[in-house]
$ cat structure27.cif   # mmCIF, C-alpha atoms
data_target
#
loop_
_atom_site.group_PDB
_atom_site.id
_atom_site.type_symbol
_atom_site.label_atom_id
_atom_site.label_comp_id
_atom_site.auth_asym_id
_atom_site.auth_seq_id
_atom_site.Cartn_x
_atom_site.Cartn_y
_atom_site.Cartn_z
ATOM 1 C CA MET J 1 33.798 -62.911 -25.084
ATOM 2 C CA ALA J 2 31.743 -60.559 -27.268
ATOM 3 C CA PRO J 3 30.607 -57.329 -25.678
ATOM 4 C CA ASN J 4 26.917 -57.098 -24.890
ATOM 5 C CA PHE J 5 25.265 -54.214 -26.684
ATOM 6 C CA PRO J 6 21.950 -53.028 -25.435
ATOM 7 C CA ARG J 7 19.124 -53.610 -27.867
ATOM 8 C CA SER J 8 18.623 -49.912 -28.363
ATOM 9 C CA THR J 9 22.267 -49.500 -29.440
ATOM 10 C CA ALA J 10 21.977 -52.407 -31.907
ATOM 11 C CA ALA J 11 18.735 -50.984 -33.317
ATOM 12 C CA ALA J 12 20.335 -47.569 -33.697
ATOM 13 C CA LEU J 13 23.318 -49.127 -35.498
ATOM 14 C CA VAL J 14 21.054 -51.058 -37.928
ATOM 15 C CA THR J 15 18.948 -47.953 -38.580
ATOM 16 C CA PHE J 16 22.068 -45.878 -39.232
ATOM 17 C CA THR J 17 23.483 -48.503 -41.624
ATOM 18 C CA LEU J 18 20.195 -48.812 -43.522
ATOM 19 C CA GLY J 19 19.984 -45.039 -43.732
ATOM 20 C CA LEU J 20 23.369 -44.999 -45.455
ATOM 21 C CA LEU J 21 22.669 -47.911 -47.827
ATOM 22 C CA LEU J 22 19.102 -47.167 -48.950
ATOM 23 C CA PRO J 23 19.956 -44.131 -51.109
ATOM 24 C CA PHE J 24 22.591 -46.200 -52.940
ATOM 25 C CA ALA J 25 20.186 -49.087 -53.468
ATOM 26 C CA ALA J 26 17.517 -46.752 -54.840
ATOM 27 C CA LYS J 27 20.048 -45.172 -57.182
ATOM 28 C CA LEU J 28 21.201 -48.589 -58.454
ATOM 29 C CA GLN J 29 17.642 -49.744 -58.969
ATOM 30 C CA ALA J 30 16.744 -46.609 -60.930
ATOM 31 C CA GLN J 31 19.603 -47.095 -63.386
ATOM 32 C CA ASP J 32 18.970 -48.793 -66.732
ATOM 33 C CA HIS J 33 20.064 -52.365 -67.213
ATOM 34 C CA VAL J 34 23.189 -53.092 -69.211
ATOM 35 C CA VAL J 35 20.968 -53.577 -72.287
ATOM 36 C CA PRO J 36 17.901 -51.337 -72.481
ATOM 37 C CA ALA J 37 14.560 -53.154 -72.467
ATOM 38 C CA ALA J 38 13.601 -51.599 -75.821
ATOM 39 C CA ASP J 39 16.711 -53.096 -77.443
ATOM 40 C CA LEU J 40 15.908 -56.524 -76.014
ATOM 41 C CA GLN J 41 12.351 -56.278 -77.300
ATOM 42 C CA GLN J 42 13.611 -55.330 -80.768
ATOM 43 C CA GLN J 43 16.050 -58.243 -80.817
ATOM 44 C CA ILE J 44 13.286 -60.653 -79.835
ATOM 45 C CA GLN J 45 11.031 -59.311 -82.585
ATOM 46 C CA ASN J 46 13.841 -59.569 -85.150
ATOM 47 C CA ALA J 47 14.575 -63.164 -84.148
ATOM 48 C CA ALA J 48 10.895 -64.101 -84.340
ATOM 49 C CA HIS J 49 10.570 -62.465 -87.762
ATOM 50 C CA ALA J 50 13.678 -64.257 -89.067
ATOM 51 C CA ARG J 51 12.337 -67.587 -87.779
ATOM 52 C CA GLU J 52 8.980 -67.011 -89.477
ATOM 53 C CA GLN J 53 10.702 -66.215 -92.776
ATOM 54 C CA ASN J 54 12.976 -69.268 -92.553
ATOM 55 C CA LEU J 55 10.046 -71.488 -91.623
ATOM 56 C CA ALA J 56 8.061 -70.237 -94.616
ATOM 57 C CA LYS J 57 11.004 -70.826 -97.000
ATOM 58 C CA VAL J 58 11.567 -74.386 -95.838
ATOM 59 C CA GLN J 59 7.850 -75.233 -95.743
ATOM 60 C CA ARG J 60 7.458 -73.839 -99.266
ATOM 61 C CA PHE J 61 10.405 -75.924 -100.502
ATOM 62 C CA PHE J 62 9.076 -79.178 -99.045
ATOM 63 C CA SER J 63 5.578 -78.355 -100.351
ATOM 64 C CA GLU J 64 6.729 -78.175 -103.966
ATOM 65 C CA GLU J 65 5.347 -80.938 -106.146
ATOM 66 C CA ARG J 66 8.790 -81.986 -107.365
ATOM 67 C CA VAL J 67 10.054 -82.388 -103.797
ATOM 68 C CA LYS J 68 6.951 -84.301 -102.684
ATOM 69 C CA LYS J 69 7.365 -86.647 -105.633
ATOM 70 C CA VAL J 70 11.013 -87.367 -104.773
ATOM 71 C CA LEU J 71 10.130 -87.986 -101.127
ATOM 72 C CA LYS J 72 7.312 -90.359 -102.036
ATOM 73 C CA THR J 73 9.540 -92.371 -104.392
ATOM 74 C CA THR J 74 12.039 -92.830 -101.561
ATOM 75 C CA ARG J 75 9.260 -93.817 -99.138
ATOM 76 C CA VAL J 76 9.657 -90.709 -96.976
ATOM 77 C CA ASP J 77 6.334 -89.260 -95.886
ATOM 78 C CA PRO J 78 6.247 -85.591 -96.987
ATOM 79 C CA GLN J 79 3.733 -84.834 -94.214
ATOM 80 C CA LYS J 80 6.138 -86.079 -91.540
ATOM 81 C CA VAL J 81 8.881 -83.923 -92.980
ATOM 82 C CA ARG J 82 6.674 -80.821 -93.091
ATOM 83 C CA LYS J 83 5.405 -81.435 -89.556
ATOM 84 C CA ALA J 84 8.949 -81.872 -88.278
ATOM 85 C CA ILE J 85 10.241 -78.557 -89.599
ATOM 86 C CA PRO J 86 8.802 -76.275 -86.867
ATOM 87 C CA SER J 87 10.516 -78.293 -84.140
ATOM 88 C CA LEU J 88 13.981 -77.331 -85.408
ATOM 89 C CA SER J 89 16.015 -74.832 -83.427
ATOM 90 C CA ASP J 90 16.454 -71.341 -84.847
ATOM 91 C CA GLU J 91 20.011 -72.146 -85.969
ATOM 92 C CA GLU J 92 19.052 -75.435 -87.629
ATOM 93 C CA LEU J 93 16.110 -73.801 -89.343
ATOM 94 C CA ALA J 94 18.280 -70.942 -90.623
ATOM 95 C CA ARG J 95 20.824 -73.430 -92.014
ATOM 96 C CA LEU J 96 18.114 -75.474 -93.714
ATOM 97 C CA ALA J 97 16.502 -72.334 -95.176
ATOM 98 C CA SER J 98 19.880 -71.270 -96.552
ATOM 99 C CA GLN J 99 20.409 -74.692 -98.131
ATOM 100 C CA THR J 100 16.951 -74.741 -99.703
ATOM 101 C CA ASP J 101 17.535 -71.227 -101.101
ATOM 102 C CA LYS J 102 20.801 -72.366 -102.667
ATOM 103 C CA ILE J 103 19.182 -75.480 -104.122
ATOM 104 C CA GLN J 104 16.346 -73.471 -105.623
ATOM 105 C CA ARG J 105 18.823 -71.031 -107.206
ATOM 106 C CA ASP J 106 20.827 -73.931 -108.625
ATOM 107 C CA ILE J 107 17.684 -75.554 -110.001
ATOM 108 C CA ALA J 108 16.553 -72.283 -111.572
ATOM 109 C CA ALA J 109 19.984 -71.801 -113.136
ATOM 110 C CA GLY J 110 19.965 -75.353 -114.498
ATOM 111 C CA ALA J 111 23.136 -76.174 -112.582
ATOM 112 C CA LEU J 112 21.829 -79.497 -111.257
ATOM 113 C CA THR J 113 20.723 -82.667 -112.969
ATOM 114 C CA ASN J 114 17.541 -84.462 -111.926
ATOM 115 C CA THR J 115 19.637 -87.104 -110.201
ATOM 116 C CA GLN J 116 21.541 -84.483 -108.214
ATOM 117 C CA ILE J 117 18.305 -82.773 -107.246
ATOM 118 C CA THR J 118 16.878 -86.089 -106.084
ATOM 119 C CA TYR J 119 19.940 -86.872 -103.946
ATOM 120 C CA ILE J 120 19.954 -83.398 -102.432
ATOM 121 C CA ILE J 121 16.271 -83.583 -101.510
ATOM 122 C CA ILE J 122 16.761 -87.024 -99.964
ATOM 123 C CA ALA J 123 19.781 -85.764 -98.018
ATOM 124 C CA LEU J 124 17.905 -82.725 -96.689
ATOM 125 C CA ALA J 125 14.876 -84.756 -95.630
ATOM 126 C CA THR J 126 17.067 -87.395 -94.002
ATOM 127 C CA ALA J 127 19.102 -84.767 -92.164
ATOM 128 C CA LEU J 128 15.897 -83.161 -90.935
ATOM 129 C CA LEU J 129 14.471 -86.444 -89.663
ATOM 130 C CA VAL J 130 17.764 -87.522 -88.059
ATOM 131 C CA THR J 131 18.029 -84.168 -86.299
ATOM 132 C CA LEU J 132 14.573 -84.655 -84.874
ATOM 133 C CA ILE J 133 15.359 -88.161 -83.681
ATOM 134 C CA PHE J 134 18.351 -86.884 -81.723
ATOM 135 C CA VAL J 135 16.418 -83.936 -80.305
ATOM 136 C CA ALA J 136 13.544 -86.137 -79.109
#
$ encode --input "structure27.cif" --output "structure tokens"
Amino acid sequence: MAPNFPRSTAAALVTFTLGLLLPFAAKLQAQDHVVPAADLQQQIQNAAHAREQNLAKVQRFFSEERVKKVLKTTRVDPQKVRKAIPSLSDEELARLASQTDKIQRDIAAGALTNTQITYIIIALATALLVTLIFVA
């Protein structure tokens, strides 16, 4: 059988315990988080900036007249492709931006034939649309 404590003894015990714990809780609350808030804010800004840059690169690539022409000849609507780009995840968008950069460098260097360029554009647009189908 549990001993019966008077209410005043129980209240005194709770008050004493809270008196011991409150200074520790205040000290813990005053400490910085594991990652400072300023660092988190900077990381968020960097990620947003990188996404904006990648989005601009990919949009610019799919807005080029040569790319639009290839898409139209393969019956892929360039507008659908351009509208689908923003719905990619950050990682997918970064990968696509990297691929479009590489393709543009290869085109500028004359390393690709027109047929290769056409196939690459079709592959990129198809991959983009397939990714969106699986995400939706």
$ resolve_selection --input "structure27.cif" --expression "the PyMOL selection byres ((chain J and resi 76-89) around 12)" --output "VMD selection string"
chain J and resid 47 to 48 51 to 75 90 to 97 121 to 136
$ atom_distance --input "structure27.cif" --atom1 "CA of Arg105 in chain J" --atom2 "CA of Gln45 in chain J"
28.4 Å
$ atom_distance --input "structure27.cif" --atom1 "CA of His49 in chain J" --atom2 "CA of Ile103 in chain J"
22.6 Å
$ atom_distance --input "structure27.cif" --atom1 "CA of Gln99 in chain J" --atom2 "CA of Gln42 in chain J"
26.9 Å
$ axis_aligned_box --input "structure27.cif" --around "range 79-95 of chain J" --padding-each-side "3 Å" --output "AutoDock Vina command-line options"
--center_x 12.3 --center_y -78.5 --center_z -88.8 --size_x 23.1 --size_y 21.1 --size_z 16.8
$ closest_residue --input "structure27.cif" --among "J:Asn46, J:Lys102, J:Leu40, J:Val34" --to "Ile117 in chain J" --atoms "only C-alpha atoms"
J:Lys102
